[in-house]
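Asks: This is the structure I have questions about; it appears just below.
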Amino acid sequence: MASETKTLTASCHCRNVRFTVTIPKTSLPLKIHLCHCTICRYVHGAPCCFHSPLPDGIDLDFIAPSSKDKLTSYTHPSFRSRKWFCRTCGCHIGDSSLTGEVSWTISTSIYDANREDEGVFKVNSHMCPGSTGDGGLSSVFSVVDGHELAMVDLDLPVIASTTTTTTTSAPVPIAEKTAPQQETTRTDEQLLAQCHCGGVSFHISRPRDDFIAGEDSTSWLSPLDKKRWLASMDLCDDCRLTTGTNVIGWMFVPVDHISPPLPSNLLVGSSKAYQSSEDVVRTFCGTCGATVFYWCKDRPHIVDVATGLLRAPEGVMAENWAVWRAGRLAWPENGIRYHEGFARALMEGMERWGRERGHAEEFVIP
Ligand SMILES: [Zn+2]
Ligand SMILES: [Zn+2]
Ligand SMILES: [Zn+2]
């Protein structure tokens, strides 16, 4: 007799968190919602999360030596759930009920097998696109694996975005929802980046004149606009398994354009560090689990800032601050191998979105 259940295995990058869930086949496919709300963005550091509820009563079956002790939990008075992430690598694994019954919503990006085959998963909706300011990835693609995604806006509290200035000169014009204009930029502006709990908080400044005039500007600034930083979406497996989301956005910022000044170990506030490979250090908030920085030995004066933390008033794509490399995402082969339908929707969507909004088709990230 054919099995009545399907067992799925999930793990974080460091594999200290590794578990299975066993689901009745009648509950398949698991419906994935991409949640764009401020909570999900600021706890993950990503443009959105990829969540799917399990049927009530199905618990995580940890594979020894993994156990629930390897996780940190985080909740907040505004939450309807408790969030859990790996205390070693920071990967978000999902949410549990606040009321004690067994009810999990899992980050589907950490399942070993997340393919559209066998009808196990179905990307179903964009949740809370209204809280993004600019639509975020919900305005980049609307069809995955041939399904039109539902747009579901819940009435959630929106955490205000702010840009602060260090002088008392005239206010910055409110960003138009069109391709950003260089004349709206001011060199004294500061862009806030902050995780949900506020334990990690810092400011990014505009490229300074000495940087623009220097040798590095050809590598790290776009000829399209030297007052914005370069940014790219990344589909690599290491990012997926340290963040718990299929995709993360990175903005490439020189360490000396971040304030307060970054210590050499990159640990700001409640940050923790995780070495994901020999030459790469990633940091995340030890309290809420938000991905913060990627740093590698080859270019030590640059950090990649997780764009999900950015509090740009114009929206989550921070278009007044970022020139996105829209024609090419980082590590597309990883994304295609993991979930081809999603990766292709994102790649094709970004290409079109970038062309319409005047972003870069291509540049090389050194
Ligand atoms: Zn881990
Ligand atoms: Zn959410
Ligand atoms: Zn935090």
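Scheme for the structure tokens: letters A, B, ... for chains in order shown; per-chain residue numbers from 1; ligand numbers from 1 in order shown.
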Residues at most 6 Å from ligand 1, using only C-alpha atoms and all ligand atoms? Could they come as a list of chain:residue names?

Replies: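 Every residue with an atom at most 6 Å from ligand 1 is listed here: A:Cys12, A:His13, A:Cys14, A:Arg15, A:Asn16, A:Val17, A:Cys86, A:Thr88, A:Cys89, A:Cys91.
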
Asks: Name the residues in contact with Ser97 in chain A at a cut-off of 9 Å, using only C-alpha atoms, excluding same-chain residues fewer than 4 positions from it; report them as a tab-separated table (two decimals) with C-alpha atoms, in the first residue's frame.

Replies:
chain	number	residue	atom	x	y	z
A	80	ARG	CA	0.91	36.46	16.67
A	81	SER	CA	3.63	33.79	16.84
A	82	ARG	CA	7.05	32.94	18.21
A	101	GLU	CA	-0.69	23.91	21.01
A	102	VAL	CA	1.53	22.34	18.37
A	103	SER	CA	1.12	24.57	15.34
A	104	TRP	CA	4.09	25.39	13.13
A	105	THR	CA	4.69	27.55	10.10

Asks: Mind dumping a table of every chain A residue within 8 Å of ligand 3, with the nearest atom pair and its distance in Å to one decimal, using only C-alpha atoms and all ligand atoms, sorted by chain and rising number, as JSON lines?

Replies:
{"residue": "A:Tyr42", "atom": "CA", "partner": "ligand 3", "partner_atom_place_in_ligand_line": "1 (Zn)", "distance": 7.9}
{"residue": "A:Val43", "atom": "CA", "partner": "ligand 3", "partner_atom_place_in_ligand_line": "1 (Zn)", "distance": 6.7}
{"residue": "A:Gln194", "atom": "CA", "partner": "ligand 3", "partner_atom_place_in_ligand_line": "1 (Zn)", "distance": 7.6}
{"residue": "A:Cys195", "atom": "CA", "partner": "ligand 3", "partner_atom_place_in_ligand_line": "1 (Zn)", "distance": 4.5}
{"residue": "A:His196", "atom": "CA", "partner": "ligand 3", "partner_atom_place_in_ligand_line": "1 (Zn)", "distance": 5.1}
{"residue": "A:Cys197", "atom": "CA", "partner": "ligand 3", "partner_atom_place_in_ligand_line": "1 (Zn)", "distance": 4.0}
{"residue": "A:Gly198", "atom": "CA", "partner": "ligand 3", "partner_atom_place_in_ligand_line": "1 (Zn)", "distance": 5.3}
{"residue": "A:Gly199", "atom": "CA", "partner": "ligand 3", "partner_atom_place_in_ligand_line": "1 (Zn)", "distance": 4.7}
{"residue": "A:Val200", "atom": "CA", "partner": "ligand 3", "partner_atom_place_in_ligand_line": "1 (Zn)", "distance": 5.6}
{"residue": "A:Ser270", "atom": "CA", "partner": "ligand 3", "partner_atom_place_in_ligand_line": "1 (Zn)", "distance": 6.8}
{"residue": "A:Ser271", "atom": "CA", "partner": "ligand 3", "partner_atom_place_in_ligand_line": "1 (Zn)", "distance": 7.8}
{"residue": "A:Phe284", "atom": "CA", "partner": "ligand 3", "partner_atom_place_in_ligand_line": "1 (Zn)", "distance": 7.9}
{"residue": "A:Cys285", "atom": "CA", "partner": "ligand 3", "partner_atom_place_in_ligand_line": "1 (Zn)", "distance": 4.6}
{"residue": "A:Gly286", "atom": "CA", "partner": "ligand 3", "partner_atom_place_in_ligand_line": "1 (Zn)", "distance": 6.6}
{"residue": "A:Thr287", "atom": "CA", "partner": "ligand 3", "partner_atom_place_in_ligand_line": "1 (Zn)", "distance": 5.0}
{"residue": "A:Cys288", "atom": "CA", "partner": "ligand 3", "partner_atom_place_in_ligand_line": "1 (Zn)", "distance": 4.0}
{"residue": "A:Gly289", "atom": "CA", "partner": "ligand 3", "partner_atom_place_in_ligand_line": "1 (Zn)", "distance": 6.0}
{"residue": "A:Ala290", "atom": "CA", "partner": "ligand 3", "partner_atom_place_in_ligand_line": "1 (Zn)", "distance": 5.8}

Asks: Could you give me, as a ChimeraX atom specification, each residue of range 6-244 of chain A that DSSP assigns to helix (DSSP H, G or I) when run on this structure's backbone?

Replies: /A:25-27,38-44,68-70,108-110,117-119,129-132,136-139,182-184,209-213,217-220,237-243

Asks: Which residues are near ligand 2 in this structure, taking near to mean any atom at most 6 Å from a ligand atom and counting only C-alpha atoms and all ligand atoms? Format them as a list in words.

Replies: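 Final answer, ordered by chain and number: Cys35, His36, Cys37, Ile39 and Cys40 of chain A.
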
Asks: Just how far from CA of Ile110 in chain A is CA of Leu241 in chain A, in Å to one decimal?

Replies: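 Going from CA of Leu241 in chain A over to CA of Ile110 in chain A covers 6.1 Å.
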
Asks: CA of Ile32 in chain A and CA of Lys122 in chain A, how far apart in Å?

Replies: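 Between CA of Lys122 in chain A and CA of Ile32 in chain A the gap works out to 5.9 Å.
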
Asks: Compile the contact shell of Pro366 in chain A as a list in words: residues with an atom at most 10 Å away, counting only C-alpha atoms, same-chain residues fewer than 3 positions apart removed.

Replies: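 Once the nearby chain positions are removed, what remains is Ser219, Trp220, Asp298, Arg299 and Phe363 of chain A.
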
Asks: Take the residues from that selection and write them out as a PDB file, in the first residue's frame, keeping C-alpha atoms.

Replies:
ATOM      1  CA  SER A 219      34.312  48.794  -9.018  1.00  0.00           C
ATOM      2  CA  TRP A 220      31.723  49.848  -6.470  1.00  0.00           C
ATOM      3  CA  ASP A 298      39.031  39.230  -0.857  1.00  0.00           C
ATOM      4  CA  ARG A 299      37.546  42.700  -0.381  1.00  0.00           C
ATOM      5  CA  PHE A 363      28.023  45.008 -13.461  1.00  0.00           C
TER       6      PHE A 363
END

Asks: Please identify all polymer residues within 9 Å of Ser142 in chain A, counting only C-alpha atoms, omitting same-chain residues fewer than 5 positions from it, and present them as a ChimeraX atom specification.

Replies: /A:125-126,137,147-151,345,349

Asks: Can I get the selected residues back with N, CA, C and O atoms, as a PDB file, in the first residue's frame?

Replies:
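Writing done, so here's part04.pdb:
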ATOM      1  N   SER A 125       0.922  32.867  -2.671  1.00  0.00           N
ATOM      2  CA  SER A 125       0.521  34.278  -2.540  1.00  0.00           C
ATOM      3  C   SER A 125       1.674  35.188  -2.156  1.00  0.00           C
ATOM      4  O   SER A 125       2.672  34.756  -1.583  1.00  0.00           O
ATOM      5  N   HIS A 126       1.477  36.467  -2.478  1.00  0.00           N
ATOM      6  CA  HIS A 126       2.253  37.562  -1.904  1.00  0.00           C
ATOM      7  C   HIS A 126       1.427  38.102  -0.747  1.00  0.00           C
ATOM      8  O   HIS A 126       0.309  38.593  -0.953  1.00  0.00           O
ATOM      9  N   LEU A 137       9.215  42.708  -3.971  1.00  0.00           N
ATOM     10  CA  LEU A 137       9.227  41.622  -4.964  1.00  0.00           C
ATOM     11  C   LEU A 137       7.831  41.316  -5.487  1.00  0.00           C
ATOM     12  O   LEU A 137       7.696  40.649  -6.508  1.00  0.00           O
ATOM     13  N   HIS A 147       1.405  29.402 -11.800  1.00  0.00           N
ATOM     14  CA  HIS A 147       0.271  29.845 -10.976  1.00  0.00           C
ATOM     15  C   HIS A 147       0.353  31.353 -10.760  1.00  0.00           C
ATOM     16  O   HIS A 147       1.398  31.868 -10.370  1.00  0.00           O
ATOM     17  N   GLU A 148      -0.763  32.012 -10.918  1.00  0.00           N
ATOM     18  CA  GLU A 148      -0.868  33.435 -10.567  1.00  0.00           C
ATOM     19  C   GLU A 148      -0.928  33.524  -9.034  1.00  0.00           C
ATOM     20  O   GLU A 148      -1.719  32.831  -8.392  1.00  0.00           O
ATOM     21  N   LEU A 149      -0.075  34.343  -8.459  1.00  0.00           N
ATOM     22  CA  LEU A 149      -0.056  34.466  -6.999  1.00  0.00           C
ATOM     23  C   LEU A 149      -1.164  35.404  -6.529  1.00  0.00           C
ATOM     24  O   LEU A 149      -1.366  36.472  -7.113  1.00  0.00           O
ATOM     25  N   ALA A 150      -1.853  34.989  -5.477  1.00  0.00           N
ATOM     26  CA  ALA A 150      -2.848  35.882  -4.863  1.00  0.00           C
ATOM     27  C   ALA A 150      -2.110  37.014  -4.154  1.00  0.00           C
ATOM     28  O   ALA A 150      -0.992  36.832  -3.687  1.00  0.00           O
ATOM     29  N   MET A 151      -2.734  38.174  -4.094  1.00  0.00           N
ATOM     30  CA  MET A 151      -2.182  39.304  -3.338  1.00  0.00           C
ATOM     31  C   MET A 151      -3.045  39.451  -2.094  1.00  0.00           C
ATOM     32  O   MET A 151      -4.241  39.739  -2.194  1.00  0.00           O
ATOM     33  N   ALA A 345      11.160  33.041 -12.243  1.00  0.00           N
ATOM     34  CA  ALA A 345      10.203  34.149 -12.081  1.00  0.00           C
ATOM     35  C   ALA A 345      10.922  35.388 -11.563  1.00  0.00           C
ATOM     36  O   ALA A 345      10.699  36.514 -12.032  1.00  0.00           O
ATOM     37  N   GLY A 349      11.579  38.629 -13.784  1.00  0.00           N
ATOM     38  CA  GLY A 349      10.895  39.795 -13.221  1.00  0.00           C
ATOM     39  C   GLY A 349      11.856  40.930 -12.925  1.00  0.00           C
ATOM     40  O   GLY A 349      11.570  42.094 -13.223  1.00  0.00           O
TER      41      GLY A 349
END
